[in-house]
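Report on the following structure.
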Amino acid sequence: MPLLWLSLAFVCGVILGWLAGWPWATWLALAGLVSSLFIVYKLVIRLPALHRLAQGGDPASRPWWAVGLPYPVLMIALCLGAARFQSTQISITPQQLAWYNDRETRQVVEGVILAPPERRDQYTLLTVEADRIRSVETPAFTSVGGRLLARAPLGGNWRYGDRVGLEGWLSTPFANEEFSYRDYLAHQGIYSYFNCGYDKEVCAQILQRDLGSPLWSAIYSLRQRAVEMIYQLYPDPEASLMAGILLGVEGGIPEPVRRAFNDTGTSHIIAISGFNFAIVAGLFVGFFGWLLGRWRGMLAAFLGIALYAVLAGASAGVVRAAIMGGLGVFAAQIGRRQAGLNSLAFVAALMALANPHVLWDVGFQLSFMATLGLILYADPLSEWFTRVAARRLPLSTAQRLSRPVGEYFLFTLAAQLTTLALILYYFRRFSLASLVANPLVLPAQPGVMILGGLSALAGMIFQPLGQVIAYLAWPFIVYTIRLVELFARLPGAAWTLAPLTPWVVLAFYALLFGWTAFGVRLRSSVTRRLGETGPPLAWMVLAGLGLATVVAWRAALAAPDGRLHLTMLEVGGGDAILIQTPSGRNLLINGGLSPNALSDSLGRRLPPGAGRLDYLVVAAASEEQLAALPSVVERFPPGHALWSGPTAGEYSARQLRQALNRLRVPITDAQAGQSLELGQGARLRVLAVEPRGAVLLLEWGKFRALLPVGLDFDSMAALIKDHNLSPMTALLLADGGYAPLNPPEWIERWQPQVALLSVAAGDAEGRPDPETLKALEGYTLLRTDRNGWIKLSTDGERMWVEVERK
């Protein structure tokens with residue numbers, strides 16, 4: 001399999017070049033060194049041992065992993081792959097657009113739109129190849145090179161090939177621990193993000209038309225005409241979904257419909273990806289093979305895939321997906337797994353040669369894995385089904401059944417198996433309904449795609465003819481939508497999962513492909529050594545008992561212990577306070593900055609299988625306090641929410657409100673004097689509500705914890721004068737130890753046994769302030785940046801303190 005190993009070596013070299021970061025000249029020098037040593041060896045040394053090594057092992061005793069070609073050739077391919085990646089890296093100089101990122105003044109940039117504008121719900125995205133830039137304060141332009149992604153208002157009449165003048169702010173794309181938009185765009189050659197503001201007349205003025213490629217202009221024009229025709233032939237939402245399936249134009253799909261497809265694991269039907277093309281290709285082969293015969297059917301399927309790719313816009317991602325889908329058809333038709341693997345690896349290497357950044361494209365990864373699934377598992381699954389069916393049915397009947405079952409269920413299962421880890425890693429959703437929804441929805445897709453495509457093409461020629469064909473296609477698209485919506489309404493149709501690390505994904509694929517390569521040998525070896533049933537059965541029983549023991553102990557440790565627990569979670573900034581009541585209820589106050597840290601902390605402390613919070617209290621609505629919550633409440637939905645502070649000021653506050661509304665969580669506005677009864681006499685009182693947020697008091701028996709999360713100067717002055725409040729057991733320092741909100745008279749007023757501080761290590765604003773630390777001299781101070789999580793437990797009489805780090 002020399003081609004397979006040579007291609008894999010080049011692909012691995014691209015990844016190595018990204019990891020190592022050495023310049024391309026260094027990699028070329030290494031390739032030249034290896035080549036020179038290899039040539040010297042071939043001409044001079046010729047030692048038998050080295051000869052066998054250089055030839056990939058002794059052919060007479062070559063093991064399974066021998067590659068069948070000289071190992072130095074693999075090293076050369078590895079170095080060339082790394083050099084190819086490094087050759088695409090740019091140096092940020094004054095001649096590069098990214099040099100002017102993050103300036104304080106507005107910039108004027110001119111360039112040409114490289115792709116059709118992406119119209120979203122509230123804005124439009126323009127990909128522009130810039131050629132000159134100036135500040136609004138200077139009249140002279142500077143010549144530059146580089147691409148930018150511009151966010152423009154809706155309503156502009158921009159199109160591919162327009163030369164535009166942009167006025168706004170140029171910045172570096174954002175990056176955080178959950179997602180790096182900067183890296184995502186960098187792999188597309190985009191290093192600048194342009195925010196135009198809200199005035200489309202000023203934002204992006206059209207300076208000149210039709211400067212793009214005539215071929216691409218014709219393709220995009222044909223696509224736009226097809227979209228317009230679909231909306232004339234079909235009602236909505238059928239028209240929007242048809243446009244998404246046929247042409248990849250998803251902007252018009254209603255959010256509830258899109259969510260239903262996501263929740264049922266059928267979104268691949270809409271997305272123009274290799275997963276979609278692999279399934280579509282299998283359907284085309286089955287349909288045209290039945291109509292025209294095996295080989296003519298495969299040719300017709302290739303033509304159908306090519307036409308589909310053109311109608312979908314023939315973008316780089318679509319062309320890659322079409323190649324992968326066609327490759328899956330070819331491998332399945334010739335029935336040779338080795339040839340399919342060689343072809344897949346070779347195509348991946350060619351794509352990486354043309355654009356090394358394709359390896360980081362999610363669409364490419366899904367395309368590659370879906371096609372690999374078809375190559376590795378489509379035939380074995382069909383053969384397995386035939387064997388199982390033949391036990392109860394005649395062999396000829398079982399063989400006839402295996403074809404539709406394979407095309408509509410088993411092939412989908414094969415693609416889902418190899419894309420599962422990537423879907424969980426990137427999208428964090430797992431759909432149980434997909435195993436049933438896909439086999440029921442996919443049989444309708446040939447009708448949707450073939451009749452829908454024909455109706456659009458015929459309508460552009462003669463609209464009444466297109467309308468007649470649309471009447472035939474309409475039942476298929478209606479069936480698709482209604483069935484998906486039906487499954488999406490089922491309880492537990494989709495689960496939102498905690499983030500996966502890349503190591504988990506690699507471990508999944510190592511186990512999957514390791515079992516694929518060695519499973520039969522391993523199973524036969526174990527059977528020979530341990531017998532057919534006895535020991536393996538005993539091992540399974542013992543493993544089950546061990547798992548049950550772990551689960552039982554975890555449940556026991558998380559069960560209510562009759563105490564009140566207050567835990568300060570370490571969430572990278574802001575406050576996140578988990579309160580667990582004596583009766584076992586769970587209440588979260590704010591969430592802090594880091595979704596990953598918050599999700600991990602809750603997962604470790606909530607009872608196994610609970611997956612819910614009883615109450616969410618928003619005590620301050622700033623970005624630092626709420627940034628982690630919009631995504632985390634999807635995984636740990638609260639039963640109720642108590643809200644204080646503004647609802648529409650900060651981005652995370654708006655996102656959180658939308659998430660709570662989507663989850664149908666009742667929201668109550670906080671008012672001073674409110675009290676949440678937590679059971680057995682414990683309660684959480686709202687002492688004050690101001691525009692900034694709320695001040696809370698947790699009390700049970702002699703335990704009193706003051707939580708001034710939304711403290712401002714007015715509420716601070718009022719609480720100091722309130723003689724109904726006695727000294728506190730615990731005091732949370734407001735705003736990460738900001739001195740004006742934690743003056744000495746405030747701390748003296750409460751005389752806390754322990755002061756709690758939630759602050760990130762190396763806080764960007766330098767908190768806690770030195771004045772706050774001075775005011776705390778003589779008090780016990782616990783802080784999350786040094787102690788990690790902090791847990792206070794009480795039975796109403798005594799208090800116990802635990803910290804993660806001493």
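Each chain in the structure tokens gets a letter, A, B and so on, in the order shown; residues start at 1 in every chain, and ligands are counted from 1 in the order they appear.
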Excluding stretch 126-131 of chain A and residues on its chain fewer than 5 positions from it, collect all residues at most 10 Å away from it, counting only C-alpha atoms, and give them as a PyMOL selection string. chain A and resi 95-97+109-119+141-152+158-166+190+193-194+204
Dump C-alpha atoms for the selected residues as a PDB file, in the first residue's frame?
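selection_19.pdb was written with the following content:
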```
ATOM      1  CA  GLN A  95       2.209  45.542   3.307  1.00  0.00           C
ATOM      2  CA  GLN A  96      -0.274  43.171   4.982  1.00  0.00           C
ATOM      3  CA  LEU A  97      -3.806  44.236   5.876  1.00  0.00           C
ATOM      4  CA  VAL A 109     -10.532  49.747   2.941  1.00  0.00           C
ATOM      5  CA  GLU A 110     -11.102  49.010  -0.732  1.00  0.00           C
ATOM      6  CA  GLY A 111     -11.202  45.592  -2.328  1.00  0.00           C
ATOM      7  CA  VAL A 112     -13.199  43.009  -4.297  1.00  0.00           C
ATOM      8  CA  ILE A 113     -15.873  40.676  -2.884  1.00  0.00           C
ATOM      9  CA  LEU A 114     -14.610  37.096  -3.331  1.00  0.00           C
ATOM     10  CA  ALA A 115     -17.785  35.094  -2.664  1.00  0.00           C
ATOM     11  CA  PRO A 116     -21.548  35.609  -2.616  1.00  0.00           C
ATOM     12  CA  PRO A 117     -22.576  37.619   0.481  1.00  0.00           C
ATOM     13  CA  GLU A 118     -23.790  35.492   3.392  1.00  0.00           C
ATOM     14  CA  ARG A 119     -27.062  36.987   4.563  1.00  0.00           C
ATOM     15  CA  PHE A 141      -4.225  55.239   0.470  1.00  0.00           C
ATOM     16  CA  THR A 142      -1.555  52.630   1.251  1.00  0.00           C
ATOM     17  CA  SER A 143      -1.329  49.519  -0.943  1.00  0.00           C
ATOM     18  CA  VAL A 144      -1.844  46.303   1.023  1.00  0.00           C
ATOM     19  CA  GLY A 145      -2.720  42.664   0.479  1.00  0.00           C
ATOM     20  CA  GLY A 146      -4.891  40.297   2.482  1.00  0.00           C
ATOM     21  CA  ARG A 147      -8.438  39.175   3.052  1.00  0.00           C
ATOM     22  CA  LEU A 148     -10.978  40.415   5.557  1.00  0.00           C
ATOM     23  CA  LEU A 149     -14.401  39.331   6.728  1.00  0.00           C
ATOM     24  CA  ALA A 150     -16.739  42.327   6.954  1.00  0.00           C
ATOM     25  CA  ARG A 151     -19.919  42.442   9.000  1.00  0.00           C
ATOM     26  CA  ALA A 152     -22.311  44.713   7.155  1.00  0.00           C
ATOM     27  CA  TRP A 158     -23.708  43.558  -2.857  1.00  0.00           C
ATOM     28  CA  ARG A 159     -22.712  40.577  -4.985  1.00  0.00           C
ATOM     29  CA  TYR A 160     -19.691  38.532  -6.032  1.00  0.00           C
ATOM     30  CA  GLY A 161     -17.128  40.537  -8.029  1.00  0.00           C
ATOM     31  CA  ASP A 162     -18.129  43.976  -6.719  1.00  0.00           C
ATOM     32  CA  ARG A 163     -15.385  46.394  -5.828  1.00  0.00           C
ATOM     33  CA  VAL A 164     -16.411  48.013  -2.553  1.00  0.00           C
ATOM     34  CA  GLY A 165     -15.161  50.733  -0.244  1.00  0.00           C
ATOM     35  CA  LEU A 166     -15.571  49.811   3.425  1.00  0.00           C
ATOM     36  CA  ILE A 190      -8.410  35.722   6.684  1.00  0.00           C
ATOM     37  CA  TYR A 193     -12.418  41.320  10.868  1.00  0.00           C
ATOM     38  CA  PHE A 194     -14.173  44.490   9.747  1.00  0.00           C
ATOM     39  CA  ALA A 204     -19.816  49.335   2.032  1.00  0.00           C
TER      40      ALA A 204
END
```
Which one is closest to A:Ala494: A:Pro256, A:Gly265, A:Pro446, A:Gly562? Count only C-alpha atoms.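 For A:Ala494, the nearest of the candidates is A:Gly265.
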Sort by chain and increasing residue number a table of all residues of stretch 66-112 of chain A within 12 Å of stretch 12-24 of chain A, each with its closest pair of atoms and their distance in Å to one decimal, counting only C-alpha atoms, and write it as JSON lines.
```
{"residue": "A:Leu74", "atom": "CA", "partner": "A:Gly13", "partner_atom": "CA", "distance": 9.7}
{"residue": "A:Met75", "atom": "CA", "partner": "A:Gly13", "partner_atom": "CA", "distance": 8.8}
{"residue": "A:Ile76", "atom": "CA", "partner": "A:Gly13", "partner_atom": "CA", "distance": 9.3}
{"residue": "A:Ala77", "atom": "CA", "partner": "A:Gly13", "partner_atom": "CA", "distance": 7.2}
{"residue": "A:Leu78", "atom": "CA", "partner": "A:Gly13", "partner_atom": "CA", "distance": 4.1}
{"residue": "A:Cys79", "atom": "CA", "partner": "A:Gly13", "partner_atom": "CA", "distance": 5.9}
{"residue": "A:Leu80", "atom": "CA", "partner": "A:Gly13", "partner_atom": "CA", "distance": 6.9}
{"residue": "A:Gly81", "atom": "CA", "partner": "A:Gly13", "partner_atom": "CA", "distance": 4.2}
{"residue": "A:Ala82", "atom": "CA", "partner": "A:Gly17", "partner_atom": "CA", "distance": 3.9}
{"residue": "A:Ala83", "atom": "CA", "partner": "A:Trp24", "partner_atom": "CA", "distance": 4.3}
{"residue": "A:Arg84", "atom": "CA", "partner": "A:Val14", "partner_atom": "CA", "distance": 6.9}
{"residue": "A:Phe85", "atom": "CA", "partner": "A:Val14", "partner_atom": "CA", "distance": 5.4}
{"residue": "A:Gln86", "atom": "CA", "partner": "A:Trp24", "partner_atom": "CA", "distance": 5.0}
{"residue": "A:Ser87", "atom": "CA", "partner": "A:Trp24", "partner_atom": "CA", "distance": 5.7}
{"residue": "A:Thr88", "atom": "CA", "partner": "A:Trp24", "partner_atom": "CA", "distance": 9.2}
{"residue": "A:Gln89", "atom": "CA", "partner": "A:Pro23", "partner_atom": "CA", "distance": 9.0}
{"residue": "A:Ile90", "atom": "CA", "partner": "A:Pro23", "partner_atom": "CA", "distance": 11.0}
{"residue": "A:Ser91", "atom": "CA", "partner": "A:Pro23", "partner_atom": "CA", "distance": 11.4}
```
